[in-house]
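What follows is final_12.txt (compact mmCIF, C-alpha atoms).
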```txt
# COMPACT_ATOMS: atom_id res chain seq x y z
CA MET A 1 0.00 0.00 0.00
CA LYS A 2 1.44 3.33 -1.05
CA PHE A 3 1.24 6.60 0.78
CA ALA A 4 2.37 10.07 -0.16
CA LEU A 5 3.73 12.15 2.67
CA LYS A 6 3.74 15.86 1.93
CA ILE A 7 5.87 17.93 4.26
CA LEU A 8 5.88 21.73 4.17
CA PRO A 9 7.46 24.35 6.43
CA LYS A 10 4.86 25.88 8.76
CA PRO A 11 3.37 29.15 7.46
CA GLU A 12 5.07 31.13 10.25
CA VAL A 13 8.48 29.65 9.50
CA LEU A 14 10.77 31.48 7.07
CA ASP A 15 11.09 29.19 4.08
CA THR A 16 14.49 30.08 2.67
CA GLN A 17 14.34 27.50 -0.10
CA GLY A 18 10.90 28.74 -1.16
CA ARG A 19 12.11 32.33 -1.21
CA ALA A 20 15.08 31.39 -3.34
CA VAL A 21 12.92 29.51 -5.84
CA GLU A 22 10.42 32.38 -5.90
CA GLY A 23 13.23 34.83 -6.63
CA ALA A 24 14.69 32.65 -9.36
CA LEU A 25 11.31 32.24 -11.06
CA LYS A 26 10.62 35.96 -10.90
CA GLU A 27 14.01 36.67 -12.41
CA GLN A 28 13.04 34.41 -15.30
CA GLY A 29 9.99 36.59 -15.82
CA PHE A 30 7.37 34.42 -14.14
CA ASP A 31 4.57 36.03 -12.25
CA LEU A 32 3.84 34.35 -8.92
CA THR A 33 2.54 35.38 -5.52
CA SER A 34 4.35 32.87 -3.35
CA CYS A 35 6.26 29.65 -3.40
CA ARG A 36 6.91 27.15 -0.65
CA VAL A 37 9.23 24.21 -0.94
CA GLY A 38 8.88 21.00 1.02
CA LYS A 39 9.43 17.29 0.73
CA TYR A 40 7.41 14.63 -1.01
CA ILE A 41 7.97 11.13 0.26
CA VAL A 42 6.32 8.03 -1.16
CA LEU A 43 6.23 5.16 1.32
CA GLU A 44 5.28 1.63 0.35
CA VAL A 45 4.04 -0.22 3.40
CA PRO A 46 3.22 -3.95 3.47
CA ALA A 47 -0.09 -4.49 5.25
CA ASN A 48 -3.26 -6.55 5.00
CA ASP A 49 -5.76 -3.80 5.57
CA SER A 50 -5.59 -0.16 4.67
CA GLU A 51 -6.34 1.13 8.18
CA GLN A 52 -3.32 -0.75 9.56
CA ALA A 53 -1.10 0.49 6.74
CA LEU A 54 -2.22 4.07 7.32
CA GLN A 55 -1.36 3.80 11.01
CA LYS A 56 2.10 2.47 10.14
CA ALA A 57 2.73 5.29 7.67
CA LYS A 58 1.52 7.86 10.19
CA LEU A 59 3.90 6.49 12.79
CA MET A 60 6.83 6.68 10.35
CA ALA A 61 5.93 10.27 9.57
CA GLU A 62 5.65 11.26 13.19
CA LYS A 63 8.62 9.31 14.54
CA GLY A 64 11.19 10.56 12.16
CA LEU A 65 10.22 11.98 8.82
CA TYR A 66 8.86 15.36 9.76
CA ASN A 67 9.95 17.94 12.29
CA PRO A 68 6.91 19.05 14.32
CA LEU A 69 8.66 22.23 15.42
CA ILE A 70 8.92 23.73 11.98
CA GLU A 71 6.90 21.56 9.61
CA ASN A 72 3.36 20.38 8.89
CA TYR A 73 2.58 17.17 7.11
CA GLU A 74 -0.26 15.57 5.20
CA LEU A 75 -0.62 11.89 4.43
CA GLU A 76 -2.49 10.67 1.38
CA GLN A 77 -3.18 7.14 0.25
CA LEU A 78 -2.14 6.64 -3.39
CA MET B 1 -4.68 30.04 -7.44
CA LYS B 2 -2.55 27.43 -5.73
CA PHE B 3 -0.87 24.46 -7.29
CA ALA B 4 1.10 21.62 -5.78
CA LEU B 5 4.02 20.40 -7.80
CA LYS B 6 5.17 16.91 -6.85
CA ILE B 7 8.58 15.98 -8.15
CA LEU B 8 9.98 12.46 -7.78
CA PRO B 9 13.11 10.80 -9.15
CA LYS B 10 12.27 8.56 -12.12
CA PRO B 11 11.76 4.90 -11.21
CA GLU B 12 14.92 3.87 -13.07
CA VAL B 13 17.07 6.48 -11.29
CA LEU B 14 18.86 5.49 -8.10
CA ASP B 15 17.24 7.52 -5.35
CA THR B 16 20.01 7.86 -2.78
CA GLN B 17 17.94 10.01 -0.42
CA GLY B 18 15.10 7.51 -0.54
CA ARG B 19 17.47 4.63 0.16
CA ALA B 20 18.92 6.46 3.13
CA VAL B 21 15.48 7.22 4.58
CA GLU B 22 14.40 3.63 3.96
CA GLY B 23 17.47 2.36 5.81
CA ALA B 24 16.95 4.74 8.70
CA LEU B 25 13.29 3.74 9.09
CA LYS B 26 14.16 0.03 8.97
CA GLU B 27 16.81 0.55 11.62
CA GLN B 28 14.13 2.08 13.81
CA GLY B 29 12.14 -1.13 13.40
CA PHE B 30 9.67 0.02 10.77
CA ASP B 31 8.50 -2.39 8.13
CA LEU B 32 8.42 -0.89 4.65
CA THR B 33 8.88 -2.08 1.09
CA SER B 34 10.24 1.06 -0.48
CA CYS B 35 10.66 4.75 -0.02
CA ARG B 36 11.25 7.48 -2.56
CA VAL B 37 12.03 11.06 -1.68
CA GLY B 38 11.21 14.03 -3.83
CA LYS B 39 10.17 17.66 -3.65
CA TYR B 40 6.82 19.22 -2.91
CA ILE B 41 6.45 22.76 -4.15
CA VAL B 42 3.37 24.91 -3.61
CA LEU B 43 3.05 27.71 -6.16
CA GLU B 44 0.59 30.54 -5.84
CA VAL B 45 -0.12 32.02 -9.24
CA PRO B 46 -2.20 35.14 -9.86
CA ALA B 47 -4.64 34.53 -12.71
CA ASN B 48 -8.21 35.20 -13.71
CA ASP B 49 -9.12 31.78 -14.92
CA SER B 50 -7.92 28.40 -13.76
CA GLU B 51 -6.86 27.19 -17.21
CA GLN B 52 -4.50 30.16 -17.59
CA ALA B 53 -3.11 29.64 -14.09
CA LEU B 54 -2.52 25.96 -14.78
CA GLN B 55 -0.60 26.80 -17.95
CA LYS B 56 1.58 29.26 -16.01
CA ALA B 57 2.32 26.73 -13.30
CA LYS B 58 3.11 24.08 -15.90
CA LEU B 59 5.55 26.42 -17.59
CA MET B 60 7.29 27.17 -14.28
CA ALA B 61 7.60 23.45 -13.61
CA GLU B 62 8.98 22.69 -17.04
CA LYS B 63 11.26 25.70 -17.40
CA GLY B 64 13.14 25.34 -14.19
CA LEU B 65 11.66 23.43 -11.31
CA TYR B 66 12.11 19.86 -12.44
CA ASN B 67 14.88 18.08 -14.21
CA PRO B 68 13.40 16.04 -17.09
CA LEU B 69 16.49 13.84 -17.30
CA ILE B 70 16.06 12.30 -13.87
CA GLU B 71 12.70 13.39 -12.52
CA ASN B 72 8.97 13.11 -13.16
CA TYR B 73 6.46 15.64 -12.00
CA GLU B 74 2.76 15.91 -11.31
CA LEU B 75 0.79 19.12 -10.98
CA GLU B 76 -2.33 19.33 -8.86
CA GLN B 77 -4.64 22.26 -8.29
CA LEU B 78 -5.18 22.85 -4.57
```
Let me see whether you can do it: turn the structure in this file into structure tokens.
Amino acid sequence: MKFALKILPKPEVLDTQGRAVEGALKEQGFDLTSCRVGKYIVLEVPANDSEQALQKAKLMAEKGLYNPLIENYELEQL
Amino acid sequence: MKFALKILPKPEVLDTQGRAVEGALKEQGFDLTSCRVGKYIVLEVPANDSEQALQKAKLMAEKGLYNPLIENYELEQL
């Protein structure tokens, strides 16, 4: 069972990578209001039922993949 | 209008970051089949209609945000 974990810096956290990308795009002539850069992690979890797999993926996210101080995450079943 | 750009290394490309994360999770006792790590970029594009905004976001993705040699991308309207 596959899950997509989307991790973004919290809105109140200065996203240096996002600012840099925003600046680079604007320099190329693109018109954009904002840009935030995060991580996209696809986890393949072996499990018999989807509820169990989701719990496993959630645990992986919370025990190591995202930093609750500065990031938010969203988990989506693929 | 907001778009999420999901960028992942192509399946045939060795994903060193993904391998490292997979190894780290397994060391922590997690059971997973595979893990791939990519980028998640949220673009806010000013536009009057959604079709125009989508085209702009697509252009940004293709003209600089992803590397067609080693990556695939997916664009989703948020």
Would you mind aligning chain A to chain B, a least-squares fit over all C-alpha atoms taken in order, and returning the superposed chain as a compact mmCIF listing (two decimals) with C-alpha atoms, in the frame of the given file?
```
# COMPACT_ATOMS: atom_id res chain seq x y z
CA MET A 1 -4.68 30.04 -7.45
CA LYS A 2 -2.56 27.43 -5.73
CA PHE A 3 -0.86 24.46 -7.28
CA ALA A 4 1.08 21.61 -5.77
CA LEU A 5 4.02 20.40 -7.80
CA LYS A 6 5.16 16.92 -6.84
CA ILE A 7 8.58 15.98 -8.13
CA LEU A 8 9.99 12.46 -7.78
CA PRO A 9 13.11 10.79 -9.15
CA LYS A 10 12.27 8.57 -12.13
CA PRO A 11 11.76 4.89 -11.20
CA GLU A 12 14.94 3.90 -13.08
CA VAL A 13 17.05 6.50 -11.30
CA LEU A 14 18.86 5.50 -8.10
CA ASP A 15 17.23 7.52 -5.35
CA THR A 16 20.00 7.88 -2.79
CA GLN A 17 17.94 10.01 -0.44
CA GLY A 18 15.08 7.50 -0.55
CA ARG A 19 17.45 4.63 0.17
CA ALA A 20 18.91 6.47 3.12
CA VAL A 21 15.48 7.22 4.58
CA GLU A 22 14.39 3.62 3.97
CA GLY A 23 17.47 2.36 5.80
CA ALA A 24 16.95 4.73 8.71
CA LEU A 25 13.31 3.72 9.09
CA LYS A 26 14.17 0.04 8.96
CA GLU A 27 16.82 0.55 11.60
CA GLN A 28 14.13 2.07 13.81
CA GLY A 29 12.15 -1.13 13.39
CA PHE A 30 9.67 0.01 10.76
CA ASP A 31 8.53 -2.40 8.13
CA LEU A 32 8.43 -0.88 4.64
CA THR A 33 8.88 -2.09 1.08
CA SER A 34 10.25 1.07 -0.49
CA CYS A 35 10.66 4.76 -0.01
CA ARG A 36 11.23 7.50 -2.53
CA VAL A 37 12.02 11.07 -1.66
CA GLY A 38 11.19 14.04 -3.84
CA LYS A 39 10.17 17.66 -3.64
CA TYR A 40 6.83 19.23 -2.90
CA ILE A 41 6.44 22.77 -4.14
CA VAL A 42 3.36 24.91 -3.60
CA LEU A 43 3.07 27.70 -6.16
CA GLU A 44 0.59 30.54 -5.83
CA VAL A 45 -0.11 32.00 -9.24
CA PRO A 46 -2.19 35.14 -9.85
CA ALA A 47 -4.62 34.52 -12.71
CA ASN A 48 -8.21 35.21 -13.72
CA ASP A 49 -9.12 31.77 -14.93
CA SER A 50 -7.92 28.41 -13.77
CA GLU A 51 -6.86 27.18 -17.22
CA GLN A 52 -4.49 30.15 -17.60
CA ALA A 53 -3.10 29.64 -14.10
CA LEU A 54 -2.51 25.96 -14.78
CA GLN A 55 -0.59 26.79 -17.95
CA LYS A 56 1.58 29.26 -16.03
CA ALA A 57 2.32 26.71 -13.30
CA LYS A 58 3.12 24.06 -15.90
CA LEU A 59 5.56 26.40 -17.60
CA MET A 60 7.29 27.16 -14.28
CA ALA A 61 7.60 23.45 -13.61
CA GLU A 62 8.99 22.68 -17.03
CA LYS A 63 11.28 25.70 -17.39
CA GLY A 64 13.13 25.34 -14.19
CA LEU A 65 11.67 23.43 -11.30
CA TYR A 66 12.10 19.86 -12.41
CA ASN A 67 14.88 18.06 -14.22
CA PRO A 68 13.39 16.04 -17.10
CA LEU A 69 16.47 13.84 -17.29
CA ILE A 70 16.07 12.31 -13.88
CA GLU A 71 12.69 13.38 -12.52
CA ASN A 72 8.96 13.09 -13.16
CA TYR A 73 6.46 15.64 -11.99
CA GLU A 74 2.76 15.92 -11.31
CA LEU A 75 0.80 19.13 -10.97
CA GLU A 76 -2.33 19.34 -8.86
CA GLN A 77 -4.64 22.26 -8.29
CA LEU A 78 -5.20 22.86 -4.56
```
Inset, instruction - Within 6 Å of chain A, which residues of chain B are there when counting all atoms listed in the file? Please give them as a PyMOL selection string. - result: chain B and resi 32-45
Inset, instruction - Kindly give the distance, in Å, that separates CA of Pro9 (chain A) and CA of Glu74 (chain A), rounded to a single decimal. - result: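 Taking CA of Pro9 (chain A) and CA of Glu74 (chain A), their separation equals 11.8 Å.
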Legend entry - Separation of CA of Gln52 (chain A) from CA of Leu75 (chain A), in Å and rounded to one decimal: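 Computing the Euclidean distance for CA of Gln52 (chain A) and CA of Leu75 (chain A) yields 13.9 Å.
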Inset, instruction - Name the residues in contact with Lys10 (chain A) at a cut-off of 9 Å, using only C-alpha atoms, excluding same-chain residues fewer than 2 positions from it; report them as JSON, numbers by chain. - result: {"A": [8, 12, 13, 14, 15, 69, 70, 71, 72]}
Inset, instruction - Grab the CA of Glu76 (chain A) to CA of Glu76 (chain B) distance for me, in Å with one decimal place. - result: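 According to the coordinates, CA of Glu76 (chain A) and CA of Glu76 (chain B) are separated by 13.4 Å.
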Please define a box with edges along x, y and z of the file around all atoms of region 54-65 of chain B given in the file, extend it by 3 Å on each side, and return its centre and edge lengths in Å to one decimal, as lines of an AutoDock Vina configuration file.
```
center_x = 5.3
center_y = 26.0
center_z = -14.6
size_x = 21.7
size_y = 12.6
size_z = 12.6
```
